[in-house]
Amino acid sequence: MSDVVEKTLTALPSLLSLDSQAVAGKLSVTSKLGNLIRNITELTSKHEEEKLIKKELTAIKEQVSSPTTTLRQMKEIMVRTIYCEMLGYEASFSYIHAIKLAQQGSVLEKRVGYLAVSLFLNESHELLLLLVNTVLKDLQSTNLIEVCLALTVASQIFPKDMIPAVLPLVEDKLTHSKEIIRRKAVLALYKFYLIAPNQVQHIHDKFRKALCDKDPGVMTASLHIYLQMIKESPDGYRDLTGSFAAILKQVVGGKLPVDFNYHSVPAPWLQIQLLRILALLGKDNQSGSELMYDVLDESLRRAEINHNITYAILYECVRTVYTINPKSDLLEKAAKCIGKFVLSPKINLKYLGLKALTYVVQQDPNLALQHQMTIIECLDHPDPIIKRETLELLYRITNAQNVTVIVEKMLDFLRQSKDEYTTIDLVGKVAELHHTYAPDNGWFIQTMNTVFSLGGDMMQPDIPNNFLRLLAEGFDNEDEDRQLRLYAVDSYHSLLEKDDVQFPQRFLQVISWVLGEYSYLKSDLMPEVVLDKLVTLLDQVWVTSETKSWVMAAITKLSSGTTCTKTVSEVVLKFSTSLDTVLRQFTFELKHLSEDRDLSVRVLPLDASCEDIEVDTSLSFLDDFVSEALARGAAPYKPHHQRQEELSQEKALNFEPYGLSLPVSLSSSSITGRQSPTGLSLSSGLSGNSAERAQKGGTNTLKLEGVKKVWGREGYLPQKEGPDEGAAQALSSPAGVSPQPGAPVGLTSQPDLTFVAEQEQERQQLASSLFVGLGSQHNLCLMGKSESSLQRFRRKNKLQETPGVIERLSDSSLPSQSTMDSLLDNNILEPSARVQELRQITTVQPGTNSPTLKDCRAIDNASHEGSPSSLFLGSNMVVVQPSTEGNELPVSRLMSHLPAELSGLASSGMEMVCSDESLSLWANKIYKQDSLVLVVFIGSSTFSSITEIALQLAAEELKLPVLTFCVLQVCECPPHRFAVLKAHGVAVCQQCMLMEKPCAQAVLAGTVSYHTEAGQSYELRFSVSFTLSDFIRPLMLSTEDYGKLWLSLTHDVKQNLKLLSDEDPLLATLNALKEKLQLHVVDVIGKEGIVACQLLPSTPCLLHCRVHAGKMAVWLRSPSPHLPDCLLYLCQRAIQEL
């Protein structure tokens, strides 16, 4: 042991020093790196720095090319090169030498080489391929440092294509004797899961072992993977709820080593991670939530140290308490924590309190009432972050009664804000609020005008597009549609009357479209007048070419109804030679349509913007042209994805697959709920061409114009804005909305008591306007809720909520209970069997109190007669009580009503999907050769008749357990209606189902409504789960046809699967897959087999299987890019279940 210590101490000076002659652990003043740093610090200009760095890089290039350069010298050269690259100067000539240093050097040289490689190369760099063998060799090394270096580099820069090469070795390191190796292996697998989840899904059992590791560091590292997986599919890990609660209990109790403490708080970041996991597992899970109550109570009690890290723990505790199934004691303690945060004079704690209040107000709106005066004060806070979070809170409590006041507050903040992100976010919120709660047409149009003016071109394209679609589709009332459009025409025509006013481009596009479509509604407005105004816009230099295209389209529309041919001719003459191809195309269309009035009327009819247009997507009218071109030797057309695949094949890496896989589509996280209305529109790109974007200037430079100094040596400097500061308002405030007072009060030595009293009275009035409808006497739908809002503006073609309906929501399954008394309990390693149970259907009865109103609504018939939709359900809260009546029908009785043409086919079996005391719904999937038929049985459980039964399958409301962009196509799906269902009768509906885009799992939502003899209306919601195997059918092919089809398919996936134990393992495995997945085994020759199947209606997928190294190497091909991945996942699951 003494020899090892002596060698270690001898190597330390060289490890810390970069000079070969140095004997101390400091940077030598004579080293070349030290001289370089000293020379750079003495320079006075950027030009001198560039000159010095170029000279240094030239010297480095000569040294690395010299054959006499030793590895020790190369290490020092690489450090200097890293420093030059950090300053922004390229040294690509040294990249290959960094790889060589990582391959050939000792441990110290390897460390510098790996460091240089991780800094120089990215995941797509072509030189990264040369590092694969080095990492593989170091992963098999007996030197712990080399193994750690290889694991770190693999997790940092290895791309998706290289993961199969190192995955088996990284997987083996999960059982290494050293905890640092196990921890780094878990972190590497976490990175692999993020970029290629389908390649690590097969080692979930080993993740469970890492969760039970005796080293806390390894266990902590495994939580990263579990948090990601639980976010995507919490139902699959509910059996671990007790395990995570036990871990948190030990952490809070101080059972971990003192090294994990931070400011006397035991493992705070581990506590935060566990609290987030428990919140996901406890949501809508009563049995799991009960396992958490004690440890959450303990966490709230122990986190009393006045330090920022304890505040973070308290915040996560509050979120968890309000996410899981509620418990009154915990809710009370969490509310006290929120109150302490909100009332704190510290800005950070006040912000934390507002953020927590914003989250919990979805579950407890009354909590906002307790702090309403503090919220009013935060609206005038000097810190803009506090203001913004306060507006977010107000956005969550918006209803039809306070929408005008809250929207005005948001618009006031927008007028003062200079931050682009804040503008985009608030514009989206205001747009959603006014679409949902607009009190009248005038306020609706005026508010949108203000939004377009303040948001400008920074707003997302979805906002003006949704506005125009709303105008075009209209509502259920034709008179209301006409009034809204007429008000918009009046407003936009008056805006164009103003001179020297430059509107944002998106606003001009909206104005042009509305005037072009609906200006004919205003009888006293001549088309020639509108035409002249639009032509004037074409001559403005500040109008972009894209906006001019919108204006030209509006002129074309107006020209069909006017005789002003002179103006049209002038426009055609002027813009027919435009350099802008799009504008020139519009001009040619205008010319031809103006010359042929009959054609113009047919092509551009009045008020037909939402009419369905028959589009020949196959472009069959070009068939003759294509045939002639091919006959002359033209190359056949190749789709974009095929061209990209052919271009990338030369650079693609082909490794022999090692592990199992899951579909790539399962890797994405689910979209759960709405946190911000701009969240769905941020992916949309901004419109405009490259030339326009270039005019805006670069985006990499800081914009400091008009920025005031708000930070000093002592922190934030509150400043009082002058009367002349702030952005000028582009439009006046919406009509009918009076400005609300809220200016901050200046501090004086002797305050005016009268002024203070008046200001307090104004705040009380503002509070009564903002928080109206939040008391216990009202039941309203908040913006933060997941339920659909009762909107004033409802589009056509949607499922409308009927007045007088009592909805009853059912859930088809409950997660099974699992307990864990010890962290190292062996039951963690094997998931317990889940018992699927049916949740009791809830009934809604007015007049009593209820702790929660989640997913339940009651609408009084009398309150809706002759009145518009209201947010308030009555003067009293409603109560949720479980039903105790049984309502199951005999399955044999239901099957007797199955249509005769379906009785002899294979089926999934009967499954109850929802029920109440009057009706029960059962579903059965019938597997036909050309489609999947969903048969729904509606059974009566009462002794009286049920009338007006309507069953609707809503494919547009499809919700998936995983984030995949698949769609279940409901073929020809009108509502199924039955006039009368007699006592204990059964009605049968059947529906053909197709899956347009492959995915592993999907859920189809539906509703059934009915009336009782007493005249009450009820509605139940249900869902039916589908898997890809429901839509897979055998594809009968010969071997010759199989070969021809194989060559024509473009998308493929390769993977190794487990073989079954049998005399002929390949044949046994293929037969098992045939039985489970409805595959067709075309032929088996020796150690190879070919299999064919198709996704309904006609998407083929071919499998080529061969025995290799004790595994079955599967190669799947299909014209669909997603089908091979999804089918491979089903094959893996099928083999695992055998």
# chains A, B, ... in the order shown; residues from 1 in each chain; ligands from 1

$ residues_around --residues "Leu468 of chain A" --least-positions-apart "2" --cutoff "12 Å" --atoms "only C-alpha atoms" --output "number ranges by chain"
A: 435, 445, 448, 461-466, 470-474, 484-485, 488, 506-507, 509-515, 517-518, 609-610, 795

$ residues_around --residues "Glu109 of chain A" --least-positions-apart "2" --cutoff "12 Å" --atoms "only C-alpha atoms" --output "number ranges by chain"
A: 14-15, 18, 70-79, 97-107, 111-116, 145-146, 149

$ atom_distance --atom1 "atom CA of Pro1124 of chain A" --atom2 "atom CA of Gln1078 of chain A"
15.3 Å

$ residues_around --residues "Ile1032 of chain A" --least-positions-apart "5" --cutoff "10 Å" --atoms "only C-alpha atoms" --output "PyMOL selection string"
chain A and resi 927+929-932+995+1027+1077-1079+1093-1101+1127

$ residues_around --residues "Ile60 of chain A" --least-positions-apart "4" --cutoff "8 Å" --atoms "only C-alpha atoms" --output "PyMOL selection string"
chain A and resi 56+64+77+81

$ select_by_dssp --residues "segment 508-636 of chain A" --states "alpha helix (DSSP H)" --output "ChimeraX atom specification"
/A:508-518,527-538,545-559,565-575,581-595,597-603,623-631

$ decode --residues "segment 573-586 of chain A" --atoms "all heavy atoms" --output "PDB file, in the first residue's frame"
ATOM      1  N   LEU A 573     -50.844  46.771 -64.399  1.00  0.00           N
ATOM      2  CA  LEU A 573     -49.739  47.330 -65.171  1.00  0.00           C
ATOM      3  C   LEU A 573     -48.508  47.580 -64.302  1.00  0.00           C
ATOM      4  O   LEU A 573     -47.370  47.364 -64.734  1.00  0.00           O
ATOM      5  CB  LEU A 573     -50.195  48.630 -65.841  1.00  0.00           C
ATOM      6  CG  LEU A 573     -49.157  49.352 -66.722  1.00  0.00           C
ATOM      7  CD1 LEU A 573     -48.758  48.443 -67.894  1.00  0.00           C
ATOM      8  CD2 LEU A 573     -49.694  50.684 -67.206  1.00  0.00           C
ATOM      9  N   LYS A 574     -48.725  47.987 -63.072  1.00  0.00           N
ATOM     10  CA  LYS A 574     -47.608  48.350 -62.207  1.00  0.00           C
ATOM     11  C   LYS A 574     -46.885  47.131 -61.639  1.00  0.00           C
ATOM     12  O   LYS A 574     -45.667  47.115 -61.525  1.00  0.00           O
ATOM     13  CB  LYS A 574     -48.119  49.239 -61.066  1.00  0.00           C
ATOM     14  CG  LYS A 574     -47.020  49.736 -60.134  1.00  0.00           C
ATOM     15  CD  LYS A 574     -47.570  50.718 -59.113  1.00  0.00           C
ATOM     16  CE  LYS A 574     -46.464  51.252 -58.209  1.00  0.00           C
ATOM     17  NZ  LYS A 574     -46.973  52.226 -57.209  1.00  0.00           N
ATOM     18  N   PHE A 575     -47.646  46.103 -61.282  1.00  0.00           N
ATOM     19  CA  PHE A 575     -47.041  44.985 -60.553  1.00  0.00           C
ATOM     20  C   PHE A 575     -46.863  43.736 -61.418  1.00  0.00           C
ATOM     21  O   PHE A 575     -46.392  42.717 -60.908  1.00  0.00           O
ATOM     22  CB  PHE A 575     -47.893  44.631 -59.329  1.00  0.00           C
ATOM     23  CG  PHE A 575     -47.890  45.694 -58.276  1.00  0.00           C
ATOM     24  CD1 PHE A 575     -48.928  46.609 -58.188  1.00  0.00           C
ATOM     25  CD2 PHE A 575     -46.847  45.798 -57.377  1.00  0.00           C
ATOM     26  CE1 PHE A 575     -48.931  47.594 -57.223  1.00  0.00           C
ATOM     27  CE2 PHE A 575     -46.842  46.775 -56.397  1.00  0.00           C
ATOM     28  CZ  PHE A 575     -47.883  47.685 -56.322  1.00  0.00           C
ATOM     29  N   SER A 576     -47.215  43.794 -62.674  1.00  0.00           N
ATOM     30  CA  SER A 576     -46.998  42.628 -63.532  1.00  0.00           C
ATOM     31  C   SER A 576     -45.521  42.396 -63.824  1.00  0.00           C
ATOM     32  O   SER A 576     -45.134  41.302 -64.247  1.00  0.00           O
ATOM     33  CB  SER A 576     -47.773  42.789 -64.844  1.00  0.00           C
ATOM     34  OG  SER A 576     -47.348  43.966 -65.529  1.00  0.00           O
ATOM     35  N   THR A 577     -44.688  43.400 -63.594  1.00  0.00           N
ATOM     36  CA  THR A 577     -43.236  43.266 -63.797  1.00  0.00           C
ATOM     37  C   THR A 577     -42.480  43.285 -62.482  1.00  0.00           C
ATOM     38  O   THR A 577     -41.276  43.550 -62.457  1.00  0.00           O
ATOM     39  CB  THR A 577     -42.736  44.400 -64.696  1.00  0.00           C
ATOM     40  OG1 THR A 577     -43.062  45.665 -64.096  1.00  0.00           O
ATOM     41  CG2 THR A 577     -43.344  44.314 -66.077  1.00  0.00           C
ATOM     42  N   SER A 578     -43.192  43.026 -61.364  1.00  0.00           N
ATOM     43  CA  SER A 578     -42.547  43.038 -60.050  1.00  0.00           C
ATOM     44  C   SER A 578     -41.504  41.932 -59.942  1.00  0.00           C
ATOM     45  O   SER A 578     -41.653  40.847 -60.526  1.00  0.00           O
ATOM     46  CB  SER A 578     -43.597  42.860 -58.947  1.00  0.00           C
ATOM     47  OG  SER A 578     -42.978  42.736 -57.685  1.00  0.00           O
ATOM     48  N   LEU A 579     -40.431  42.210 -59.199  1.00  0.00           N
ATOM     49  CA  LEU A 579     -39.394  41.202 -58.995  1.00  0.00           C
ATOM     50  C   LEU A 579     -39.829  40.124 -58.006  1.00  0.00           C
ATOM     51  O   LEU A 579     -39.214  39.058 -57.935  1.00  0.00           O
ATOM     52  CB  LEU A 579     -38.107  41.876 -58.485  1.00  0.00           C
ATOM     53  CG  LEU A 579     -37.453  42.876 -59.446  1.00  0.00           C
ATOM     54  CD1 LEU A 579     -36.216  43.484 -58.806  1.00  0.00           C
ATOM     55  CD2 LEU A 579     -37.094  42.205 -60.763  1.00  0.00           C
ATOM     56  N   ASP A 580     -40.853  40.414 -57.244  1.00  0.00           N
ATOM     57  CA  ASP A 580     -41.379  39.431 -56.290  1.00  0.00           C
ATOM     58  C   ASP A 580     -42.270  38.454 -57.048  1.00  0.00           C
ATOM     59  O   ASP A 580     -43.313  38.830 -57.595  1.00  0.00           O
ATOM     60  CB  ASP A 580     -42.165  40.134 -55.184  1.00  0.00           C
ATOM     61  CG  ASP A 580     -42.536  39.191 -54.052  1.00  0.00           C
ATOM     62  OD1 ASP A 580     -43.249  38.211 -54.307  1.00  0.00           O
ATOM     63  OD2 ASP A 580     -42.085  39.431 -52.914  1.00  0.00           O
ATOM     64  N   THR A 581     -41.876  37.191 -57.081  1.00  0.00           N
ATOM     65  CA  THR A 581     -42.615  36.199 -57.884  1.00  0.00           C
ATOM     66  C   THR A 581     -44.015  35.963 -57.356  1.00  0.00           C
ATOM     67  O   THR A 581     -44.964  35.776 -58.132  1.00  0.00           O
ATOM     68  CB  THR A 581     -41.840  34.874 -57.910  1.00  0.00           C
ATOM     69  OG1 THR A 581     -41.597  34.445 -56.564  1.00  0.00           O
ATOM     70  CG2 THR A 581     -40.507  35.041 -58.619  1.00  0.00           C
ATOM     71  N   VAL A 582     -44.188  35.963 -56.043  1.00  0.00           N
ATOM     72  CA  VAL A 582     -45.523  35.734 -55.473  1.00  0.00           C
ATOM     73  C   VAL A 582     -46.453  36.882 -55.823  1.00  0.00           C
ATOM     74  O   VAL A 582     -47.610  36.684 -56.230  1.00  0.00           O
ATOM     75  CB  VAL A 582     -45.424  35.546 -53.947  1.00  0.00           C
ATOM     76  CG1 VAL A 582     -46.814  35.371 -53.339  1.00  0.00           C
ATOM     77  CG2 VAL A 582     -44.549  34.353 -53.605  1.00  0.00           C
ATOM     78  N   LEU A 583     -45.960  38.095 -55.683  1.00  0.00           N
ATOM     79  CA  LEU A 583     -46.778  39.261 -56.006  1.00  0.00           C
ATOM     80  C   LEU A 583     -47.105  39.296 -57.500  1.00  0.00           C
ATOM     81  O   LEU A 583     -48.227  39.648 -57.898  1.00  0.00           O
ATOM     82  CB  LEU A 583     -46.031  40.534 -55.586  1.00  0.00           C
ATOM     83  CG  LEU A 583     -46.828  41.838 -55.625  1.00  0.00           C
ATOM     84  CD1 LEU A 583     -48.036  41.754 -54.718  1.00  0.00           C
ATOM     85  CD2 LEU A 583     -45.932  43.013 -55.218  1.00  0.00           C
ATOM     86  N   ARG A 584     -46.146  38.912 -58.328  1.00  0.00           N
ATOM     87  CA  ARG A 584     -46.399  38.875 -59.762  1.00  0.00           C
ATOM     88  C   ARG A 584     -47.444  37.816 -60.111  1.00  0.00           C
ATOM     89  O   ARG A 584     -48.291  38.006 -60.991  1.00  0.00           O
ATOM     90  CB  ARG A 584     -45.094  38.610 -60.505  1.00  0.00           C
ATOM     91  CG  ARG A 584     -45.195  38.793 -62.014  1.00  0.00           C
ATOM     92  CD  ARG A 584     -43.828  38.879 -62.666  1.00  0.00           C
ATOM     93  NE  ARG A 584     -43.071  37.641 -62.539  1.00  0.00           N
ATOM     94  CZ  ARG A 584     -41.983  37.496 -61.795  1.00  0.00           C
ATOM     95  NH1 ARG A 584     -41.517  38.535 -61.103  1.00  0.00           N
ATOM     96  NH2 ARG A 584     -41.349  36.344 -61.715  1.00  0.00           N
ATOM     97  N   GLN A 585     -47.415  36.688 -59.421  1.00  0.00           N
ATOM     98  CA  GLN A 585     -48.416  35.632 -59.645  1.00  0.00           C
ATOM     99  C   GLN A 585     -49.815  36.126 -59.281  1.00  0.00           C
ATOM    100  O   GLN A 585     -50.786  35.897 -60.014  1.00  0.00           O
ATOM    101  CB  GLN A 585     -48.059  34.393 -58.819  1.00  0.00           C
ATOM    102  CG  GLN A 585     -49.083  33.278 -58.865  1.00  0.00           C
ATOM    103  CD  GLN A 585     -49.185  32.649 -60.246  1.00  0.00           C
ATOM    104  OE1 GLN A 585     -48.220  32.686 -61.012  1.00  0.00           O
ATOM    105  NE2 GLN A 585     -50.336  32.109 -60.574  1.00  0.00           N
ATOM    106  N   PHE A 586     -49.947  36.828 -58.156  1.00  0.00           N
ATOM    107  CA  PHE A 586     -51.237  37.385 -57.771  1.00  0.00           C
ATOM    108  C   PHE A 586     -51.722  38.402 -58.812  1.00  0.00           C
ATOM    109  O   PHE A 586     -52.921  38.507 -59.085  1.00  0.00           O
ATOM    110  CB  PHE A 586     -51.142  38.051 -56.394  1.00  0.00           C
ATOM    111  CG  PHE A 586     -51.343  37.113 -55.247  1.00  0.00           C
ATOM    112  CD1 PHE A 586     -50.285  36.703 -54.457  1.00  0.00           C
ATOM    113  CD2 PHE A 586     -52.611  36.634 -54.940  1.00  0.00           C
ATOM    114  CE1 PHE A 586     -50.473  35.838 -53.402  1.00  0.00           C
ATOM    115  CE2 PHE A 586     -52.811  35.771 -53.879  1.00  0.00           C
ATOM    116  CZ  PHE A 586     -51.739  35.367 -53.109  1.00  0.00           C
TER     117      PHE A 586
END
